[in-house]
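I have placed the structure first, in the form of structure tokens, so that the comments after it can refer back to it.
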Amino acid sequence: MVTALALERVTCTFPPRGDTPPYTAVAGATLAVQPGEFVCLVGPTGCGKSTLLNVAAGLTTAKEGQVSVFDQPLRGLNTEAGYMFQSDALFAWRTAFDNVAVGLEFRGVAPDEVQRRTSEWLRRVGLGGHQQKYPHELSGGMRKRVALAQMLIRDPKILLMDEPFSALDVQTRALMENELLNLWTQDRKSVLFVTHDLEEAIALADRVVVLSAGPAAGFVGEFKVELERPRDVAEIRLDPEFIRLYGEIWGCLREQVAKAYQQQLGA
Amino acid sequence: MHNRLLLRGSQIGLLAVLLLIWHGLTASEILPPFFFGRPLEVGARMVDWFVSGTIYPHLGVTLLETLLAFVIGTLLGLGVGLWLALNPFASVLCDPYIKAVNAMPRVILAPIFAVWFGLGIWSKVLLGVTIVFFIVFFSVYNGVRDVNPVVVANARMLGASKRQLLRHVYLPSATAWVFSSLHASVGMAFVGAVVGEYLGSARGIGYLIMQAEGVFDINTVLAGVLVLTLCALVLDKLVSMAEVRLLKWRPGAVGAET
């Protein structure tokens with residue numbers, strides 16, 4: 001069977017800068033995401049989750065190890081993947097409509113088709129009435145909707161998401177998570193979703209993997225989430241199976257969080 | 001609305017008070033009118049210029065020089081700024097020279113330009129260009145290096161080629177920086193034109209000022225200064241209008257009034 005995204009013994013080292021010695025963020029990390037699978041990557045703050053995601057996107061090159069996309073070794077940017085960033089990555093000088101359309105424009109799609117597909121996507125993420133607004137005129141949740149549509153309109157086979165909803169308030173966040181699950185259920189892309197929020201991870205994922213505290217972080221745990229879909233992220237938190245899983249994964253994660261915290265204090 | 005009228009009224013009132021003080025001091029000869037001029041005569045001189053039309057050829061030349069310096073300097077600054085900011089090697093290579101040329105007081109180039117390009121408009125335009133260029137260049141150069149790397153990464157993940165990255169990410173980001181520098185460069189373009197004229201020319205407001213100064217006609221000198229100030233204000237207003245149109249995406253930029 002084809003694997004959508006495979007990281008094999010990936011090691012990432014940042015070169016020394018000034019007085020700081022070289023820093024190995026991730027060492028020998030191996031992970032495979034199957035087609036249609038939703039994988040959440042959790043770990044303590046600063047453990048190299050984002051670094052791994054950047055390696056999968058081809059934005060960062062690994063020092064050692066290999067990345068494969070649909071069994072082909074990755075060279076340069078991962079063109080099969082869409083990326084949703086933690087911080088705001090919209091083009092501030094483009095309206096919501098033009099922000100969503102930009103991926104098709106880069107590809108050279110005919111203007112009337114760009115028009116049609118962009119309107120369609122804006123409607124799907126519930127922004128039909130806000131097409132002509134600039135990012136600064138939109139709320140945080142709306143900007144995330146634009147970013148979601150901007151990524152999905154290009155129909156990438158793999159979605160890489162770096163704590164995309166961490167800046168939102170709790171209610172908006174639950175709404176966006178449901179929205180994401182809803183969109184994902186329609187065509188089941190492969191997802192690698194980074195978060196430090198374990199509840200979010202269990203509510204969304206088919207599988208949760210735990211990354212250890214850095215430096216030289218590696219995977220220390222892997223947990224299948226067999227909760228029924230469709231899920232409602234707000235309600236599923238009360239499910240006994242959810243609570244059992246949470247306890248189990250937290251047992252693994254707690255140790256790493258404590259270790260990371262000790263290092264921060266020491267630094 | 002009411003507040004705005006009140007503010008405008010007070011601003012005009014302040015001007016009136018200053019003019020009155022000037023008039024009072026020179027009319028009572030506390031300040032010698034020979035050195036400080038008389039506001040009424042300065043005003044009369046300006047009215048005379050515009051009514052008789054003698055000012056227009058001079059004003060036209062000065063404005064043409066200013067606009068040419070402004071446009072050429074801005075385009076060059078934008079182009080070179082973008083190019084150097086996106087080419088680390090070229091930027092490191094040129095860095096000391098750019099710093100040196102920028103540190104040099106460029107007004108002293110005026111005599112050299114006069115020798116090279118004669119007393120026509122181009123020696124003035126070139127002086128203005130050397131001043132405007134660096135203002136725009138530095139803001140674009142720093143602006144491009146300040147472009148949010150996340151936005152660049154996002155554009156790349158969305159399939160932008162190098163060209164598209166330049167056109168759709170770097171150029172729009174740089175526009176904001178260009179405008180912040182344009183307000184400064186409008187005034188400086190005038191400096192280039194007028195200083196150039198002052199040092200050697202047969203036409204222009206700088207020439208009028210120089211002639212009047214030669215015969216100690218302080219009223220005409222001040223009238224020339226005021227005409228230049230008004231022109232610079234109008235140009236600055238035009239830049240603001242273009243800014244509001246082009247940067248309407250920027251928070252707080254919409255309808256910003258100064």
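Following the order of the structure tokens, first chain is A, next is B, and so on, with residues numbered from 1 inside each chain and ligands from 1 in the order they appear.
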| request: Do me a favour and pick out the residues of chain B within 9 Å of chain A, using only C-alpha atoms, as a list in words. | output: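 Filtering chain B at 9 Å from chain A with only C-alpha atoms gives Asn148, Pro149, Val150, Val151, Val152, Ala153, Asn154, Ala155, Arg156, Met157, Leu158, Gly159, Ala160, Ser161, Gln164, His168, Val169, Pro172, Ser173, Leu247, Lys248, Trp249, Arg250 and Pro251 of chain B.
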Could you save those same residues with C-alpha atoms as an mmCIF file, in the first residue's frame?
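And here is the file that came out, out16.cif:
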```
data_model
loop_
_atom_site.group_PDB
_atom_site.id
_atom_site.type_symbol
_atom_site.label_atom_id
_atom_site.label_comp_id
_atom_site.auth_asym_id
_atom_site.auth_seq_id
_atom_site.Cartn_x
_atom_site.Cartn_y
_atom_site.Cartn_z
ATOM 1 C CA ASN B 148 7.012 38.362 7.209
ATOM 2 C CA PRO B 149 8.816 35.063 6.440
ATOM 3 C CA VAL B 150 5.610 33.175 7.233
ATOM 4 C CA VAL B 151 3.813 34.985 4.418
ATOM 5 C CA VAL B 152 6.674 34.138 2.054
ATOM 6 C CA ALA B 153 6.554 30.478 3.131
ATOM 7 C CA ASN B 154 2.783 30.494 2.653
ATOM 8 C CA ALA B 155 3.103 31.891 -0.871
ATOM 9 C CA ARG B 156 5.675 29.237 -1.716
ATOM 10 C CA MET B 157 3.451 26.468 -0.378
ATOM 11 C CA LEU B 158 0.621 27.906 -2.481
ATOM 12 C CA GLY B 159 2.780 27.370 -5.541
ATOM 13 C CA ALA B 160 4.299 30.805 -6.170
ATOM 14 C CA SER B 161 7.259 30.884 -8.544
ATOM 15 C CA GLN B 164 5.187 35.520 -8.598
ATOM 16 C CA HIS B 168 2.622 39.261 -5.317
ATOM 17 C CA VAL B 169 4.515 39.329 -2.023
ATOM 18 C CA PRO B 172 3.032 44.881 -2.362
ATOM 19 C CA SER B 173 4.887 44.742 0.963
ATOM 20 C CA LEU B 247 -2.938 51.171 0.684
ATOM 21 C CA LYS B 248 -6.599 50.805 1.542
ATOM 22 C CA TRP B 249 -5.808 47.296 2.803
ATOM 23 C CA ARG B 250 -3.772 48.682 5.656
ATOM 24 C CA PRO B 251 -5.443 48.957 9.066
#
```
Residues within 10 Å of Met210 in chain B, only C-alpha atoms, excluding chain neighbours under 2 positions, as a PDB file with all heavy atoms, in the first residue's frame:
```
ATOM      1  N   VAL B 194      15.715  73.266  -6.114  1.00  0.00           N
ATOM      2  CA  VAL B 194      15.943  74.665  -5.768  1.00  0.00           C
ATOM      3  C   VAL B 194      17.421  74.943  -5.490  1.00  0.00           C
ATOM      4  O   VAL B 194      17.963  75.953  -5.944  1.00  0.00           O
ATOM      5  CB  VAL B 194      15.068  75.070  -4.564  1.00  0.00           C
ATOM      6  CG1 VAL B 194      15.388  76.484  -4.122  1.00  0.00           C
ATOM      7  CG2 VAL B 194      13.610  74.948  -4.925  1.00  0.00           C
ATOM      8  N   GLU B 197      19.120  75.173  -8.773  1.00  0.00           N
ATOM      9  CA  GLU B 197      18.835  76.449  -9.440  1.00  0.00           C
ATOM     10  C   GLU B 197      19.603  77.592  -8.790  1.00  0.00           C
ATOM     11  O   GLU B 197      20.121  78.485  -9.454  1.00  0.00           O
ATOM     12  CB  GLU B 197      17.336  76.757  -9.351  1.00  0.00           C
ATOM     13  CG  GLU B 197      16.493  75.911 -10.274  1.00  0.00           C
ATOM     14  CD  GLU B 197      15.007  76.042  -9.951  1.00  0.00           C
ATOM     15  OE1 GLU B 197      14.657  76.796  -9.019  1.00  0.00           O
ATOM     16  OE2 GLU B 197      14.225  75.366 -10.620  1.00  0.00           O
ATOM     17  N   TYR B 198      19.658  77.506  -7.486  1.00  0.00           N
ATOM     18  CA  TYR B 198      20.300  78.557  -6.713  1.00  0.00           C
ATOM     19  C   TYR B 198      21.775  78.656  -7.088  1.00  0.00           C
ATOM     20  O   TYR B 198      22.370  79.723  -7.127  1.00  0.00           O
ATOM     21  CB  TYR B 198      20.145  78.217  -5.232  1.00  0.00           C
ATOM     22  CG  TYR B 198      20.474  79.335  -4.295  1.00  0.00           C
ATOM     23  CD1 TYR B 198      19.593  80.393  -4.114  1.00  0.00           C
ATOM     24  CD2 TYR B 198      21.660  79.323  -3.582  1.00  0.00           C
ATOM     25  CE1 TYR B 198      19.901  81.421  -3.250  1.00  0.00           C
ATOM     26  CE2 TYR B 198      21.969  80.358  -2.715  1.00  0.00           C
ATOM     27  CZ  TYR B 198      21.079  81.407  -2.550  1.00  0.00           C
ATOM     28  OH  TYR B 198      21.384  82.417  -1.696  1.00  0.00           O
ATOM     29  N   LEU B 199      22.376  77.497  -7.382  1.00  0.00           N
ATOM     30  CA  LEU B 199      23.810  77.486  -7.680  1.00  0.00           C
ATOM     31  C   LEU B 199      24.115  77.858  -9.117  1.00  0.00           C
ATOM     32  O   LEU B 199      25.247  78.175  -9.449  1.00  0.00           O
ATOM     33  CB  LEU B 199      24.391  76.109  -7.368  1.00  0.00           C
ATOM     34  CG  LEU B 199      24.484  75.802  -5.876  1.00  0.00           C
ATOM     35  CD1 LEU B 199      24.978  74.386  -5.654  1.00  0.00           C
ATOM     36  CD2 LEU B 199      25.391  76.806  -5.175  1.00  0.00           C
ATOM     37  N   GLY B 200      23.142  77.826  -9.964  1.00  0.00           N
ATOM     38  CA  GLY B 200      23.440  78.210 -11.342  1.00  0.00           C
ATOM     39  C   GLY B 200      22.308  77.838 -12.266  1.00  0.00           C
ATOM     40  O   GLY B 200      22.050  76.653 -12.491  1.00  0.00           O
ATOM     41  N   SER B 201      21.566  78.839 -12.756  1.00  0.00           N
ATOM     42  CA  SER B 201      20.465  78.545 -13.666  1.00  0.00           C
ATOM     43  C   SER B 201      19.997  79.858 -14.262  1.00  0.00           C
ATOM     44  O   SER B 201      20.442  80.932 -13.879  1.00  0.00           O
ATOM     45  CB  SER B 201      19.318  77.890 -12.917  1.00  0.00           C
ATOM     46  OG  SER B 201      18.792  78.802 -11.966  1.00  0.00           O
ATOM     47  N   GLY B 204      13.538  79.338 -12.912  1.00  0.00           N
ATOM     48  CA  GLY B 204      13.119  78.561 -11.750  1.00  0.00           C
ATOM     49  C   GLY B 204      12.971  79.433 -10.528  1.00  0.00           C
ATOM     50  O   GLY B 204      13.459  80.563 -10.486  1.00  0.00           O
ATOM     51  N   ILE B 205      12.284  78.915  -9.518  1.00  0.00           N
ATOM     52  CA  ILE B 205      12.047  79.680  -8.297  1.00  0.00           C
ATOM     53  C   ILE B 205      13.370  79.944  -7.585  1.00  0.00           C
ATOM     54  O   ILE B 205      13.606  81.021  -7.044  1.00  0.00           O
ATOM     55  CB  ILE B 205      11.092  78.909  -7.358  1.00  0.00           C
ATOM     56  CG1 ILE B 205       9.787  78.590  -8.073  1.00  0.00           C
ATOM     57  CG2 ILE B 205      10.830  79.701  -6.091  1.00  0.00           C
ATOM     58  CD1 ILE B 205       8.833  79.720  -8.188  1.00  0.00           C
ATOM     59  N   GLY B 206      14.257  78.954  -7.608  1.00  0.00           N
ATOM     60  CA  GLY B 206      15.566  79.137  -6.989  1.00  0.00           C
ATOM     61  C   GLY B 206      16.313  80.285  -7.641  1.00  0.00           C
ATOM     62  O   GLY B 206      16.992  81.081  -6.965  1.00  0.00           O
ATOM     63  N   TYR B 207      16.169  80.419  -8.964  1.00  0.00           N
ATOM     64  CA  TYR B 207      16.791  81.513  -9.706  1.00  0.00           C
ATOM     65  C   TYR B 207      16.200  82.854  -9.263  1.00  0.00           C
ATOM     66  O   TYR B 207      16.931  83.813  -9.003  1.00  0.00           O
ATOM     67  CB  TYR B 207      16.576  81.283 -11.205  1.00  0.00           C
ATOM     68  CG  TYR B 207      16.908  82.457 -12.079  1.00  0.00           C
ATOM     69  CD1 TYR B 207      18.233  82.769 -12.387  1.00  0.00           C
ATOM     70  CD2 TYR B 207      15.895  83.251 -12.613  1.00  0.00           C
ATOM     71  CE1 TYR B 207      18.532  83.849 -13.200  1.00  0.00           C
ATOM     72  CE2 TYR B 207      16.178  84.327 -13.422  1.00  0.00           C
ATOM     73  CZ  TYR B 207      17.507  84.632 -13.721  1.00  0.00           C
ATOM     74  OH  TYR B 207      17.789  85.696 -14.516  1.00  0.00           O
ATOM     75  N   LEU B 208      14.847  82.909  -9.133  1.00  0.00           N
ATOM     76  CA  LEU B 208      14.187  84.142  -8.679  1.00  0.00           C
ATOM     77  C   LEU B 208      14.705  84.556  -7.312  1.00  0.00           C
ATOM     78  O   LEU B 208      15.009  85.727  -7.061  1.00  0.00           O
ATOM     79  CB  LEU B 208      12.672  83.927  -8.579  1.00  0.00           C
ATOM     80  CG  LEU B 208      11.850  83.958  -9.864  1.00  0.00           C
ATOM     81  CD1 LEU B 208      10.373  83.841  -9.527  1.00  0.00           C
ATOM     82  CD2 LEU B 208      12.121  85.252 -10.624  1.00  0.00           C
ATOM     83  N   ALA B 212      16.705  88.006  -6.390  1.00  0.00           N
ATOM     84  CA  ALA B 212      16.184  88.965  -5.410  1.00  0.00           C
ATOM     85  C   ALA B 212      17.188  89.180  -4.289  1.00  0.00           C
ATOM     86  O   ALA B 212      17.380  90.299  -3.806  1.00  0.00           O
ATOM     87  CB  ALA B 212      14.856  88.457  -4.853  1.00  0.00           C
ATOM     88  N   GLU B 213      17.848  88.076  -3.895  1.00  0.00           N
ATOM     89  CA  GLU B 213      18.818  88.177  -2.827  1.00  0.00           C
ATOM     90  C   GLU B 213      19.964  89.099  -3.233  1.00  0.00           C
ATOM     91  O   GLU B 213      20.486  89.863  -2.418  1.00  0.00           O
ATOM     92  CB  GLU B 213      19.347  86.782  -2.504  1.00  0.00           C
ATOM     93  CG  GLU B 213      19.978  86.685  -1.132  1.00  0.00           C
ATOM     94  CD  GLU B 213      20.758  85.404  -0.978  1.00  0.00           C
ATOM     95  OE1 GLU B 213      20.356  84.396  -1.584  1.00  0.00           O
ATOM     96  OE2 GLU B 213      21.775  85.436  -0.274  1.00  0.00           O
ATOM     97  N   GLY B 214      20.321  89.034  -4.533  1.00  0.00           N
ATOM     98  CA  GLY B 214      21.419  89.847  -5.047  1.00  0.00           C
ATOM     99  C   GLY B 214      21.158  91.332  -4.873  1.00  0.00           C
ATOM    100  O   GLY B 214      22.090  92.118  -4.738  1.00  0.00           O
ATOM    101  N   VAL B 215      19.878  91.736  -4.883  1.00  0.00           N
ATOM    102  CA  VAL B 215      19.573  93.165  -4.717  1.00  0.00           C
ATOM    103  C   VAL B 215      18.929  93.423  -3.353  1.00  0.00           C
ATOM    104  O   VAL B 215      18.264  94.428  -3.155  1.00  0.00           O
ATOM    105  CB  VAL B 215      18.647  93.680  -5.847  1.00  0.00           C
ATOM    106  CG1 VAL B 215      19.373  93.620  -7.188  1.00  0.00           C
ATOM    107  CG2 VAL B 215      17.350  92.890  -5.912  1.00  0.00           C
ATOM    108  N   PHE B 216      19.091  92.508  -2.410  1.00  0.00           N
ATOM    109  CA  PHE B 216      18.567  92.642  -1.049  1.00  0.00           C
ATOM    110  C   PHE B 216      17.067  92.878  -1.013  1.00  0.00           C
ATOM    111  O   PHE B 216      16.572  93.630  -0.201  1.00  0.00           O
ATOM    112  CB  PHE B 216      19.307  93.761  -0.283  1.00  0.00           C
ATOM    113  CG  PHE B 216      20.711  93.387   0.040  1.00  0.00           C
ATOM    114  CD1 PHE B 216      21.772  93.872  -0.713  1.00  0.00           C
ATOM    115  CD2 PHE B 216      20.972  92.516   1.102  1.00  0.00           C
ATOM    116  CE1 PHE B 216      23.069  93.497  -0.422  1.00  0.00           C
ATOM    117  CE2 PHE B 216      22.276  92.159   1.392  1.00  0.00           C
ATOM    118  CZ  PHE B 216      23.332  92.642   0.617  1.00  0.00           C
ATOM    119  N   ASP B 217      16.360  92.243  -1.956  1.00  0.00           N
ATOM    120  CA  ASP B 217      14.899  92.351  -1.974  1.00  0.00           C
ATOM    121  C   ASP B 217      14.330  91.196  -1.152  1.00  0.00           C
ATOM    122  O   ASP B 217      13.920  90.171  -1.679  1.00  0.00           O
ATOM    123  CB  ASP B 217      14.411  92.298  -3.429  1.00  0.00           C
ATOM    124  CG  ASP B 217      12.896  92.419  -3.504  1.00  0.00           C
ATOM    125  OD1 ASP B 217      12.255  92.530  -2.439  1.00  0.00           O
ATOM    126  OD2 ASP B 217      12.383  92.373  -4.631  1.00  0.00           O
ATOM    127  N   THR B 220      10.817  89.577  -1.868  1.00  0.00           N
ATOM    128  CA  THR B 220      10.704  88.633  -2.977  1.00  0.00           C
ATOM    129  C   THR B 220      11.292  87.278  -2.590  1.00  0.00           C
ATOM    130  O   THR B 220      10.757  86.227  -2.944  1.00  0.00           O
ATOM    131  CB  THR B 220      11.427  89.203  -4.220  1.00  0.00           C
ATOM    132  OG1 THR B 220      10.893  90.500  -4.485  1.00  0.00           O
ATOM    133  CG2 THR B 220      11.221  88.307  -5.420  1.00  0.00           C
ATOM    134  N   VAL B 221      12.388  87.288  -1.835  1.00  0.00           N
ATOM    135  CA  VAL B 221      12.973  86.022  -1.369  1.00  0.00           C
ATOM    136  C   VAL B 221      11.937  85.251  -0.565  1.00  0.00           C
ATOM    137  O   VAL B 221      11.688  84.060  -0.796  1.00  0.00           O
ATOM    138  CB  VAL B 221      14.217  86.291  -0.488  1.00  0.00           C
ATOM    139  CG1 VAL B 221      14.703  84.990   0.154  1.00  0.00           C
ATOM    140  CG2 VAL B 221      15.326  86.924  -1.323  1.00  0.00           C
ATOM    141  N   GLY B 224       9.156  83.840  -2.657  1.00  0.00           N
ATOM    142  CA  GLY B 224       9.599  82.609  -3.331  1.00  0.00           C
ATOM    143  C   GLY B 224       9.561  81.420  -2.397  1.00  0.00           C
ATOM    144  O   GLY B 224       9.077  80.346  -2.745  1.00  0.00           O
TER     145      GLY B 224
END
```
| request: Once DSSP has gone over the backbone, tell me which residues of range 100-158 of chain A are in alpha helix (DSSP H), as a PyMOL selection string. | output: chain A and resi 100-107+111-124+140-152
| message | Residues near Ser181 in chain B, anyone? I mean within 8 Å using only C-alpha atoms, not counting same-chain ones fewer than 4 positions away, as JSON, numbers by chain. | response | {"B": [135, 136, 139, 177, 185]}
Output the selection as a JSON list (two decimals), in the first residue's frame - all heavy atoms for each residue.
```
[["chain", "number", "residue", "atom", "x", "y", "z"],
["B", 135, "ILE", "N", 16.56, 57.84, -0.03],
["B", 135, "ILE", "CA", 15.46, 57.76, 0.94],
["B", 135, "ILE", "C", 14.59, 56.56, 0.61],
["B", 135, "ILE", "O", 14.28, 55.72, 1.46],
["B", 135, "ILE", "CB", 14.62, 59.05, 0.90],
["B", 135, "ILE", "CG1", 15.47, 60.25, 1.24],
["B", 135, "ILE", "CG2", 13.45, 58.93, 1.87],
["B", 135, "ILE", "CD1", 14.74, 61.57, 1.11],
["B", 136, "VAL", "N", 14.20, 56.45, -0.67],
["B", 136, "VAL", "CA", 13.32, 55.35, -1.08],
["B", 136, "VAL", "C", 14.07, 54.02, -1.00],
["B", 136, "VAL", "O", 13.55, 53.03, -0.50],
["B", 136, "VAL", "CB", 12.79, 55.59, -2.50],
["B", 136, "VAL", "CG1", 11.95, 54.41, -2.97],
["B", 136, "VAL", "CG2", 11.98, 56.87, -2.56],
["B", 139, "SER", "N", 14.27, 52.60, 2.55],
["B", 139, "SER", "CA", 13.03, 52.05, 3.12],
["B", 139, "SER", "C", 12.61, 50.78, 2.41],
["B", 139, "SER", "O", 12.10, 49.87, 3.06],
["B", 139, "SER", "CB", 11.88, 53.05, 3.15],
["B", 139, "SER", "OG", 12.09, 54.09, 2.35],
["B", 177, "TRP", "N", 6.22, 50.55, 2.35],
["B", 177, "TRP", "CA", 7.45, 51.22, 2.77],
["B", 177, "TRP", "C", 7.78, 52.39, 1.85],
["B", 177, "TRP", "O", 8.28, 53.41, 2.29],
["B", 177, "TRP", "CB", 8.60, 50.23, 2.78],
["B", 177, "TRP", "CG", 8.43, 49.23, 3.87],
["B", 177, "TRP", "CD1", 7.73, 48.06, 3.80],
["B", 177, "TRP", "CD2", 8.92, 49.34, 5.20],
["B", 177, "TRP", "NE1", 7.78, 47.43, 5.02],
["B", 177, "TRP", "CE2", 8.50, 48.19, 5.89],
["B", 177, "TRP", "CE3", 9.69, 50.29, 5.87],
["B", 177, "TRP", "CZ2", 8.81, 47.96, 7.22],
["B", 177, "TRP", "CZ3", 10.00, 50.07, 7.19],
["B", 177, "TRP", "CH2", 9.56, 48.91, 7.86],
["B", 185, "SER", "N", 10.48, 62.26, 0.70],
["B", 185, "SER", "CA", 11.22, 62.54, -0.53],
["B", 185, "SER", "C", 10.59, 63.66, -1.36],
["B", 185, "SER", "O", 11.29, 64.30, -2.13],
["B", 185, "SER", "CB", 11.43, 61.28, -1.37],
["B", 185, "SER", "OG", 10.36, 60.43, -1.31]]
```
| query | What is the distance, in Å and to one decimal place, between CA of Met188 in chain B and CA of Val51 in chain B? | reply |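 Pair CA of Met188 in chain B / CA of Val51 in chain B returns 28.7 Å.
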| query | Looking at only C-alpha atoms, which of B:Val61, B:Leu127, B:Val191, B:Leu226 is the one that sits closest to Arg45 in chain B? | reply |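 Distance minimum relative to Arg45 in chain B lands on B:Leu226.
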| task | Give me, please, the distance in Å between CA of Leu84 in chain B and CA of Phe133 in chain B, quoted to one decimal. | result |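 For CA of Leu84 in chain B relative to CA of Phe133 in chain B, the distance reads 13.7 Å.
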| query | CA of Val10 in chain A and CA of Glu64 in chain A are how many Å apart? | reply |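 Between CA of Val10 in chain A and CA of Glu64 in chain A the gap is 5.6 Å.
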| Contacts of Pro39 in chain B within 8 Å, only C-alpha atoms, excl. fewer than 5 positions in-chain, as a PyMOL selection string | chain B and resi 19+22-23+219
Just the selected residues (N, CA and C atoms), exported as a PDB file, in the first residue's frame, please.
```pdb
ATOM      1  N   LEU B  19       1.198  85.844  11.569  1.00  0.00           N
ATOM      2  CA  LEU B  19       1.362  86.900  10.553  1.00  0.00           C
ATOM      3  C   LEU B  19       1.200  88.281  11.195  1.00  0.00           C
ATOM      4  N   TRP B  22       4.278  89.199  13.104  1.00  0.00           N
ATOM      5  CA  TRP B  22       5.306  89.577  12.117  1.00  0.00           C
ATOM      6  C   TRP B  22       5.041  91.005  11.622  1.00  0.00           C
ATOM      7  N   HIS B  23       3.775  91.251  11.241  1.00  0.00           N
ATOM      8  CA  HIS B  23       3.411  92.570  10.738  1.00  0.00           C
ATOM      9  C   HIS B  23       3.679  93.637  11.801  1.00  0.00           C
ATOM     10  N   ASN B 219      11.659  90.776   0.525  1.00  0.00           N
ATOM     11  CA  ASN B 219      10.247  90.431   0.333  1.00  0.00           C
ATOM     12  C   ASN B 219      10.076  89.396  -0.770  1.00  0.00           C
TER      13      ASN B 219
END
```
